[in-house]
$ cat query19.cif   # mmCIF, C-alpha atoms
data_structure
#
loop_
_atom_site.label_atom_id
_atom_site.label_comp_id
_atom_site.auth_asym_id
_atom_site.auth_seq_id
_atom_site.Cartn_x
_atom_site.Cartn_y
_atom_site.Cartn_z
CA MET C 1 39.31 13.75 31.39
CA GLY C 2 37.26 12.15 34.16
CA ARG C 3 34.11 13.88 32.85
CA ARG C 4 34.72 12.60 29.30
CA LYS C 5 35.24 9.09 30.65
CA SER C 6 32.03 9.37 32.67
CA GLU C 7 30.06 10.59 29.66
CA ARG C 8 31.52 7.77 27.54
CA SER C 9 30.53 5.26 30.23
CA ILE C 10 26.98 6.58 30.26
CA LYS C 11 26.78 6.27 26.47
CA MET C 12 28.17 2.75 26.65
CA ARG C 13 25.63 1.72 29.29
CA ARG C 14 22.78 3.17 27.23
CA ARG C 15 23.98 1.40 24.08
CA ASP C 16 24.38 -1.89 25.99
CA PHE C 17 20.87 -1.45 27.41
CA LEU C 18 19.34 -0.91 23.97
CA GLN C 19 21.21 -3.88 22.52
CA ALA C 20 20.11 -6.08 25.41
CA SER C 21 16.56 -4.83 24.97
CA ALA C 22 16.59 -5.81 21.31
CA VAL C 23 17.93 -9.26 22.13
CA GLY C 24 15.44 -9.70 24.96
CA GLY C 25 12.60 -8.61 22.71
CA ALA C 26 13.64 -11.07 20.02
CA CYS C 27 13.31 -13.86 22.56
CA LEU C 28 10.04 -12.65 24.05
CA TRP C 29 8.05 -12.90 20.83
CA GLN C 30 8.59 -16.65 20.87
CA SER C 31 7.01 -16.97 24.32
CA ALA C 32 4.17 -19.30 25.22
CA GLY C 33 0.60 -18.97 24.03
CA SER C 34 -1.53 -20.45 21.29
CA VAL C 35 0.56 -20.41 18.12
CA PHE C 36 -1.42 -18.89 15.29
CA GLY C 37 -0.78 -18.55 11.58
CA ALA C 38 -0.97 -22.01 10.06
CA ALA C 39 -3.69 -22.39 7.44
CA THR C 40 -5.19 -25.20 9.49
CA SER C 41 -6.06 -22.67 12.22
CA TYR C 42 -9.09 -21.64 10.16
CA ALA C 43 -10.21 -25.15 9.24
CA GLY C 44 -13.52 -26.31 10.63
CA LEU C 45 -14.51 -23.02 12.24
CA ALA C 46 -18.25 -22.68 12.77
CA SER C 47 -18.20 -18.93 12.20
CA ASP C 48 -21.99 -18.60 11.98
CA ARG C 49 -22.11 -19.44 15.68
CA PHE C 50 -20.62 -16.00 16.29
CA LEU C 51 -20.71 -13.77 13.21
CA GLY C 52 -23.27 -13.14 10.51
CA PRO C 53 -22.70 -11.75 7.00
CA VAL C 54 -20.70 -8.57 6.46
CA GLU C 55 -22.71 -5.48 5.48
CA GLU C 56 -21.14 -2.37 3.97
CA LEU C 57 -22.64 0.56 5.86
CA ALA C 58 -20.68 3.46 4.42
CA VAL C 59 -17.74 4.43 2.19
CA ILE C 60 -15.71 7.52 3.13
CA ASN C 61 -14.54 9.65 0.22
CA ASP C 62 -12.10 12.13 1.77
CA THR C 63 -8.79 12.76 -0.03
CA LYS C 64 -6.97 10.81 2.68
CA VAL C 65 -8.81 8.06 4.51
CA PHE C 66 -7.79 5.73 7.31
CA THR C 67 -10.80 4.80 9.40
CA GLU C 68 -10.37 3.87 13.04
CA GLY C 69 -11.75 4.06 16.55
CA PRO C 70 -15.41 2.93 16.39
CA ALA C 71 -17.42 3.64 19.53
CA ALA C 72 -21.14 2.87 19.46
CA LEU C 73 -24.27 3.80 21.40
CA PRO C 74 -27.36 1.73 22.26
CA ASP C 75 -29.52 3.80 19.86
CA GLY C 76 -27.66 2.37 16.86
CA ASP C 77 -25.35 5.33 16.25
CA CYS C 78 -21.63 4.71 15.80
CA PHE C 79 -18.85 7.27 16.04
CA PHE C 80 -15.60 6.54 14.23
CA THR C 81 -12.58 8.47 12.99
CA ASN C 82 -10.80 9.36 9.79
CA VAL C 83 -7.35 9.79 11.32
CA PRO C 84 -5.41 11.69 8.60
CA ALA C 85 -8.35 14.05 7.99
CA SER C 86 -8.70 14.79 11.74
CA LYS C 87 -12.42 14.06 11.71
CA ILE C 88 -14.82 12.21 13.96
CA LEU C 89 -17.62 10.79 11.83
CA LEU C 90 -21.09 9.71 12.91
CA TRP C 91 -23.04 6.83 11.42
CA SER C 92 -26.74 7.32 12.16
CA GLY C 93 -28.42 3.97 12.77
CA GLN C 94 -31.83 5.53 12.16
CA LYS C 95 -31.01 7.53 9.02
CA ARG C 96 -28.31 5.08 7.84
CA THR C 97 -26.12 7.97 6.75
CA VAL C 98 -22.70 9.34 7.71
CA SER C 99 -22.06 12.92 8.77
CA VAL C 100 -19.09 14.82 10.19
CA PHE C 101 -19.50 15.09 13.95
CA ALA C 102 -16.28 17.01 14.66
CA ARG C 103 -13.38 18.51 12.72
CA ASP C 104 -9.82 19.42 13.70
CA THR C 105 -9.70 16.48 16.10
CA GLN C 106 -5.89 16.26 16.29
CA GLN C 107 -5.77 12.95 14.41
CA THR C 108 -8.00 11.23 16.94
CA ASN C 109 -7.56 7.47 16.69
CA GLY C 110 -9.11 5.17 19.31
CA MET C 111 -12.31 6.18 21.13
CA PHE C 112 -14.40 4.69 23.92
CA PHE C 113 -17.61 5.62 25.73
CA ASP C 114 -17.24 5.69 29.49
CA SER C 115 -20.00 4.50 31.83
CA ARG C 116 -21.59 7.99 31.75
CA GLY C 117 -21.75 8.17 27.97
CA ARG C 118 -18.85 10.60 27.55
CA LEU C 119 -16.56 10.05 24.59
CA LEU C 120 -12.94 9.35 25.49
CA CYS C 121 -10.50 10.10 22.67
CA CYS C 122 -6.85 9.34 21.90
CA GLU C 123 -5.66 12.48 20.12
CA GLY C 124 -2.51 11.19 18.47
CA GLY C 125 -1.59 14.47 16.79
CA ALA C 126 -1.71 16.40 20.07
CA GLY C 127 -0.32 13.61 22.21
CA ARG C 128 -3.18 13.70 24.69
CA VAL C 129 -6.25 11.89 26.01
CA THR C 130 -9.46 13.90 26.13
CA ARG C 131 -13.06 13.49 27.25
CA ARG C 132 -15.88 14.97 25.19
CA ASP C 133 -19.39 15.64 26.49
CA LEU C 134 -21.75 14.96 23.59
CA LYS C 135 -24.51 17.15 25.05
CA THR C 136 -22.49 20.28 25.80
CA GLY C 137 -19.57 19.81 23.42
CA LYS C 138 -17.13 20.49 26.26
CA ILE C 139 -13.69 18.88 25.80
CA GLU C 140 -11.52 18.12 28.82
CA VAL C 141 -7.82 17.30 28.56
CA LEU C 142 -7.33 14.36 30.92
CA ALA C 143 -3.60 13.83 30.36
CA ASP C 144 -0.94 15.02 27.92
CA LYS C 145 2.40 13.92 29.39
CA TYR C 146 4.18 11.50 31.65
CA GLY C 147 7.10 12.79 33.67
CA LYS C 148 8.83 15.60 31.81
CA PHE C 149 7.94 14.40 28.30
CA PRO C 150 4.73 14.40 26.25
CA PHE C 151 3.19 11.07 25.36
CA ALA C 152 4.08 9.31 22.17
CA ALA C 153 0.84 9.35 20.18
CA PRO C 154 -2.00 7.84 22.29
CA ASN C 155 -3.56 5.07 20.21
CA ASP C 156 -6.40 3.16 21.87
CA LEU C 157 -8.14 3.11 25.23
CA CYS C 158 -10.74 1.65 27.56
CA ALA C 159 -12.07 2.44 31.03
CA ASP C 160 -13.28 0.57 34.09
CA ARG C 161 -16.37 1.18 36.20
CA SER C 162 -14.34 3.14 38.73
CA GLY C 163 -13.46 5.74 36.11
CA ARG C 164 -9.86 4.66 35.58
CA ILE C 165 -8.72 4.93 31.95
CA TYR C 166 -6.18 2.58 30.37
CA PHE C 167 -4.51 3.58 27.11
CA THR C 168 -1.72 2.64 24.74
CA SER C 169 0.81 5.11 23.36
CA ARG C 170 3.20 4.65 20.40
CA PRO C 171 5.50 5.03 18.52
CA GLY C 172 7.89 6.27 21.17
CA THR C 173 11.63 6.45 21.63
CA PRO C 174 13.75 3.66 23.16
CA ASP C 175 16.00 6.31 24.75
CA PRO C 176 14.48 7.46 28.07
CA GLU C 177 16.54 10.66 27.91
CA LYS C 178 14.80 11.75 24.71
CA GLY C 179 11.15 11.05 25.40
CA ASN C 180 8.55 8.54 26.45
CA PRO C 181 8.69 5.01 24.99
CA ASN C 182 5.99 2.73 23.65
CA ALA C 183 3.90 2.19 26.77
CA VAL C 184 0.58 1.49 28.48
CA TYR C 185 -0.71 4.04 30.99
CA ARG C 186 -3.50 4.42 33.52
CA ILE C 187 -5.25 7.70 34.28
CA ASP C 188 -6.88 7.72 37.70
CA PRO C 189 -10.05 9.73 38.48
CA ASP C 190 -7.93 12.27 40.38
CA GLY C 191 -5.79 12.85 37.26
CA LYS C 192 -2.74 10.88 38.35
CA VAL C 193 -0.99 9.14 35.43
CA VAL C 194 0.70 5.78 36.04
CA GLN C 195 2.92 3.97 33.54
CA LEU C 196 1.91 0.30 33.72
CA LEU C 197 4.00 -1.25 30.91
CA ARG C 198 6.80 0.04 28.71
CA TRP C 199 9.43 -0.83 26.11
CA PRO C 200 11.31 -3.20 26.00
CA ASP C 201 8.92 -5.41 28.01
CA ILE C 202 6.28 -4.61 25.42
CA HIS C 203 7.09 -3.71 21.81
CA MET C 204 4.21 -1.99 19.99
CA PRO C 205 1.02 -1.76 22.08
CA ASN C 206 -2.22 -1.24 20.18
CA GLY C 207 -5.77 -2.36 21.05
CA ILE C 208 -6.74 -2.67 24.71
CA VAL C 209 -9.89 -3.97 26.47
CA LEU C 210 -11.01 -5.20 29.88
CA SER C 211 -12.88 -8.44 30.60
CA PRO C 212 -16.51 -8.09 31.72
CA ASP C 213 -15.55 -8.78 35.35
CA GLU C 214 -12.68 -6.27 35.02
CA LYS C 215 -10.21 -8.80 36.39
CA THR C 216 -8.25 -9.17 33.14
CA LEU C 217 -6.69 -6.59 30.85
CA TYR C 218 -6.05 -7.68 27.25
CA LEU C 219 -3.40 -5.94 25.14
CA ILE C 220 -2.61 -6.32 21.45
CA GLU C 221 1.07 -6.18 20.50
CA ALA C 222 1.45 -5.30 16.81
CA HIS C 223 5.05 -4.63 15.82
CA PRO C 224 5.60 -4.95 12.04
CA ASP C 225 9.33 -5.66 12.29
CA ALA C 226 10.76 -9.17 12.39
CA ASN C 227 11.38 -10.83 15.75
CA HIS C 228 9.04 -8.54 17.67
CA HIS C 229 5.76 -9.16 19.45
CA ARG C 230 2.65 -9.81 17.34
CA ASP C 231 0.26 -11.29 19.84
CA ILE C 232 -2.44 -10.69 22.41
CA ARG C 233 -1.27 -10.54 26.01
CA ALA C 234 -3.42 -10.98 29.09
CA TYR C 235 -2.74 -9.52 32.54
CA ASP C 236 -4.44 -9.92 35.88
CA LEU C 237 -5.94 -6.54 36.74
CA ARG C 238 -5.79 -6.01 40.49
CA ALA C 239 -8.35 -4.00 42.43
CA ASP C 240 -5.89 -1.10 42.71
CA GLY C 241 -5.42 -0.90 38.91
CA THR C 242 -2.01 -2.56 38.79
CA LEU C 243 -1.13 -5.51 36.54
CA ALA C 244 0.30 -8.95 37.25
CA ASN C 245 0.79 -12.39 35.71
CA GLU C 246 1.56 -11.54 32.08
CA ARG C 247 0.85 -14.34 29.59
CA VAL C 248 0.56 -14.58 25.82
CA LEU C 249 -3.01 -15.49 24.92
CA ILE C 250 -2.47 -16.04 21.20
CA ASN C 251 0.50 -15.42 18.92
CA PHE C 252 -0.16 -14.10 15.39
CA TYR C 253 3.48 -14.16 14.30
CA PRO C 254 4.58 -14.18 11.45
CA GLY C 255 1.28 -12.76 10.13
CA ARG C 256 -0.14 -9.32 10.84
CA SER C 257 -1.25 -9.08 14.43
CA GLY C 258 -4.45 -7.56 15.70
CA ASP C 259 -5.06 -3.83 15.60
CA GLY C 260 -8.16 -3.10 17.68
CA MET C 261 -10.61 -5.40 19.46
CA ALA C 262 -13.90 -5.62 21.31
CA ILE C 263 -15.26 -8.09 23.85
CA ASP C 264 -18.63 -9.84 24.17
CA ALA C 265 -20.71 -10.56 27.26
CA ALA C 266 -19.21 -14.06 27.48
CA GLY C 267 -15.65 -12.70 27.54
CA ASN C 268 -14.68 -13.63 23.95
CA LEU C 269 -12.46 -11.21 22.06
CA TYR C 270 -13.32 -9.95 18.56
CA VAL C 271 -10.03 -8.96 16.97
CA ALA C 272 -9.42 -7.02 13.73
CA ALA C 273 -6.29 -8.64 12.24
CA GLY C 274 -4.65 -9.86 9.05
CA LEU C 275 -3.85 -8.67 5.53
CA HIS C 276 -5.08 -9.31 1.99
CA LYS C 277 -1.69 -8.44 0.56
CA GLU C 278 1.77 -7.74 1.89
CA ARG C 279 2.60 -4.13 2.71
CA GLY C 280 6.39 -3.94 2.68
CA THR C 281 6.94 -5.23 6.23
CA SER C 282 8.02 -8.63 7.52
CA GLU C 283 4.35 -9.50 8.14
CA THR C 284 3.15 -12.50 6.13
CA LEU C 285 -0.34 -13.42 4.92
CA ASP C 286 -0.68 -16.27 7.43
CA THR C 287 -3.24 -14.23 9.36
CA LYS C 288 -6.34 -13.88 7.19
CA PRO C 289 -7.90 -10.39 7.03
CA GLY C 290 -11.00 -10.03 9.14
CA ILE C 291 -12.58 -10.43 12.55
CA HIS C 292 -11.20 -13.25 14.70
CA VAL C 293 -13.25 -14.50 17.65
CA ILE C 294 -10.90 -15.71 20.38
CA SER C 295 -11.87 -17.34 23.65
CA PRO C 296 -10.49 -16.26 27.07
CA GLN C 297 -8.32 -19.40 26.83
CA GLY C 298 -6.75 -18.26 23.54
CA LYS C 299 -8.64 -20.55 21.16
CA LEU C 300 -9.75 -19.31 17.73
CA LEU C 301 -13.51 -19.88 17.73
CA GLY C 302 -14.73 -18.00 14.67
CA PHE C 303 -13.69 -15.83 11.76
CA ARG C 304 -15.35 -13.55 9.24
CA GLU C 305 -13.31 -12.12 6.37
CA THR C 306 -13.49 -8.39 5.65
CA PRO C 307 -13.37 -7.05 2.08
CA LEU C 308 -10.24 -4.91 1.85
CA ASP C 309 -7.12 -3.68 3.61
CA THR C 310 -6.67 -2.50 6.23
CA VAL C 311 -9.14 -3.75 8.85
CA THR C 312 -8.34 -1.69 11.94
CA ASN C 313 -10.83 -1.84 14.77
CA CYS C 314 -14.29 -2.89 15.96
CA ALA C 315 -16.91 -2.12 18.59
CA PHE C 316 -20.25 -3.54 19.65
CA GLY C 317 -23.36 -1.38 19.41
CA GLY C 318 -26.96 -1.19 18.33
CA LYS C 319 -30.10 -1.48 20.44
CA ASP C 320 -29.48 -5.11 21.35
CA ASN C 321 -25.67 -4.71 21.31
CA ARG C 322 -25.47 -7.45 18.67
CA THR C 323 -23.95 -5.39 15.87
CA LEU C 324 -20.19 -5.33 15.49
CA PHE C 325 -19.14 -2.08 13.80
CA VAL C 326 -15.86 -2.53 11.94
CA THR C 327 -13.55 0.10 10.44
CA CYS C 328 -11.82 -1.21 7.34
CA GLY C 329 -9.92 0.92 4.85
CA ARG C 330 -12.39 3.48 3.50
CA LYS C 331 -15.38 1.57 4.82
CA LEU C 332 -17.53 1.19 7.89
CA LEU C 333 -18.91 -2.33 8.10
CA GLY C 334 -21.61 -3.93 10.20
CA ILE C 335 -21.62 -7.60 11.25
CA PRO C 336 -24.47 -9.14 13.28
CA THR C 337 -23.34 -11.28 16.20
CA GLN C 338 -24.97 -14.16 18.05
CA ILE C 339 -23.60 -13.11 21.44
CA PRO C 340 -24.18 -9.51 22.53
CA GLY C 341 -21.25 -7.30 23.27
CA TYR C 342 -20.34 -6.45 26.82
CA ARG C 343 -21.92 -3.15 27.82
CA GLN C 344 -20.49 -1.46 30.88
CA ALA C 345 -23.13 -0.56 33.45
CA SER C 346 -23.21 3.06 34.57
CA SER C 347 -21.35 3.71 37.80
CA GLY C 348 -23.01 7.05 38.36
CA ALA C 349 -19.58 8.50 39.08
#
$ encode --input "query19.cif" --output "structure tokens"
Amino acid sequence: MGRRKSERSIKMRRRDFLQASAVGGACLWQSAGSVFGAATSYAGLASDRFLGPVEELAVINDTKVFTEGPAALPDGDCFFTNVPASKILLWSGQKRTVSVFARDTQQTNGMFFDSRGRLLCCEGGAGRVTRRDLKTGKIEVLADKYGKFPFAAPNDLCADRSGRIYFTSRPGTPDPEKGNPNAVYRIDPDGKVVQLLRWPDIHMPNGIVLSPDEKTLYLIEAHPDANHHRDIRAYDLRADGTLANERVLINFYPGRSGDGMAIDAAGNLYVAAGLHKERGTSETLDTKPGIHVISPQGKLLGFRETPLDTVTNCAFGGKDNRTLFVTCGRKLLGIPTQIPGYRQASSGA
């Protein structure tokens, strides 16, 4: 009898926790930050100060296509993924053609080149983060679980000059007894995995980047359900890799939030966000579909519309680092930029 009562009490506490989390989350999405979504937000933007015309570089014709994860090199090449086909594709800047770089990539989504030119990958299908040496083809598994559970699907990632990797993982479970939740993690050079943020404090983490001085971590929250976070959050990144001072930089609610983003040398964010048409969620069309240039203070500075749904991610590349490669539906796009992207200097580590 006492055991049944104890078990019932545990279930009650868990249910109360989840209900409180839902209520807390519903309040959090209304938190401070630049409110975005009104049509007037786009009025008077001098977009040509930041973004040139959109160029269609390639169209992918696989049976199933959802492009993601662009990661570019100084020679003009850009790697990107077709998630459902489990392929990493390569756009050759010199040949201006697309080829298959790797197959059976475990639904790799976000990718990022570290300071030594190795390709970091979020393998959503395998629930792991890997590092690929382009010269040797060697693949290292950097992390595949936290605690006793595997990750929810790793989604996007970045790295600092010290070799620490920061990545988002979702969709997870809200019940800590069943698995890992939606969360943000850090992988240290020695392989230690640290959970930095988790549900219900964050709702649906997506794109993630560091500021050029590596003192700020930016995180996109992109939950499609009503009364959940659809914003960009900024955190102070301490020297030891921990986070502090959470604030909402810009709030996309009720429109579609950002997906992925890149950052220029001046610290402005280039965010892939918005929809051409509704997609059966509570997301509205208040956020226009395209690349949004947002200042470190949360002001919308520029915008360039992209041609079709769904714009997912972007990365700077090219010889002068003034090309923004954008994954969008079946297409890879290129947009010239006035300000070069931030390029991480090699640490030699």
$ resolve_selection --input "query19.cif" --expression "the PyMOL selection byres ((chain C and resi 307-314) around 9)" --output "PyMOL selection string"
chain C and resi 54+66-71+110+207+258-262+270-277+289-291+305-306+315-316+324-331
$ resolve_selection --input "query19.cif" --expression "the PyMOL selection byres ((chain C and resi 95-101) around 10)" --output "CSV table (one decimal) with C-alpha atoms, keeping the file's coordinate frame"
chain,number,residue,atom,x,y,z
C,57,LEU,CA,-22.6,0.6,5.9
C,58,ALA,CA,-20.7,3.5,4.4
C,59,VAL,CA,-17.7,4.4,2.2
C,60,ILE,CA,-15.7,7.5,3.1
C,76,GLY,CA,-27.7,2.4,16.9
C,77,ASP,CA,-25.4,5.3,16.2
C,78,CYS,CA,-21.6,4.7,15.8
C,79,PHE,CA,-18.8,7.3,16.0
C,80,PHE,CA,-15.6,6.5,14.2
C,81,THR,CA,-12.6,8.5,13.0
C,82,ASN,CA,-10.8,9.4,9.8
C,87,LYS,CA,-12.4,14.1,11.7
C,88,ILE,CA,-14.8,12.2,14.0
C,89,LEU,CA,-17.6,10.8,11.8
C,90,LEU,CA,-21.1,9.7,12.9
C,91,TRP,CA,-23.0,6.8,11.4
C,92,SER,CA,-26.7,7.3,12.2
C,93,GLY,CA,-28.4,4.0,12.8
C,94,GLN,CA,-31.8,5.5,12.2
C,102,ALA,CA,-16.3,17.0,14.7
C,103,ARG,CA,-13.4,18.5,12.7
C,134,LEU,CA,-21.8,15.0,23.6
C,332,LEU,CA,-17.5,1.2,7.9
$ atom_distance --input "query19.cif" --atom1 "atom CA of Pro189 of chain C" --atom2 "atom CA of Ile165 of chain C"
8.2 Å
$ atom_distance --input "query19.cif" --atom1 "atom CA of Asp48 of chain C" --atom2 "atom CA of Tyr253 of chain C"
26.0 Å
$ resolve_selection --input "query19.cif" --expression "the PyMOL selection byres ((chain C and resi 49) around 12)" --output "list in words"
Leu45, Ala46, Ser47, Asp48, Phe50, Leu51, Gly52, Pro53, Val293, Leu301, Gly302, Phe303, Arg304, Pro336, Thr337, Gln338 and Ile339 of chain C
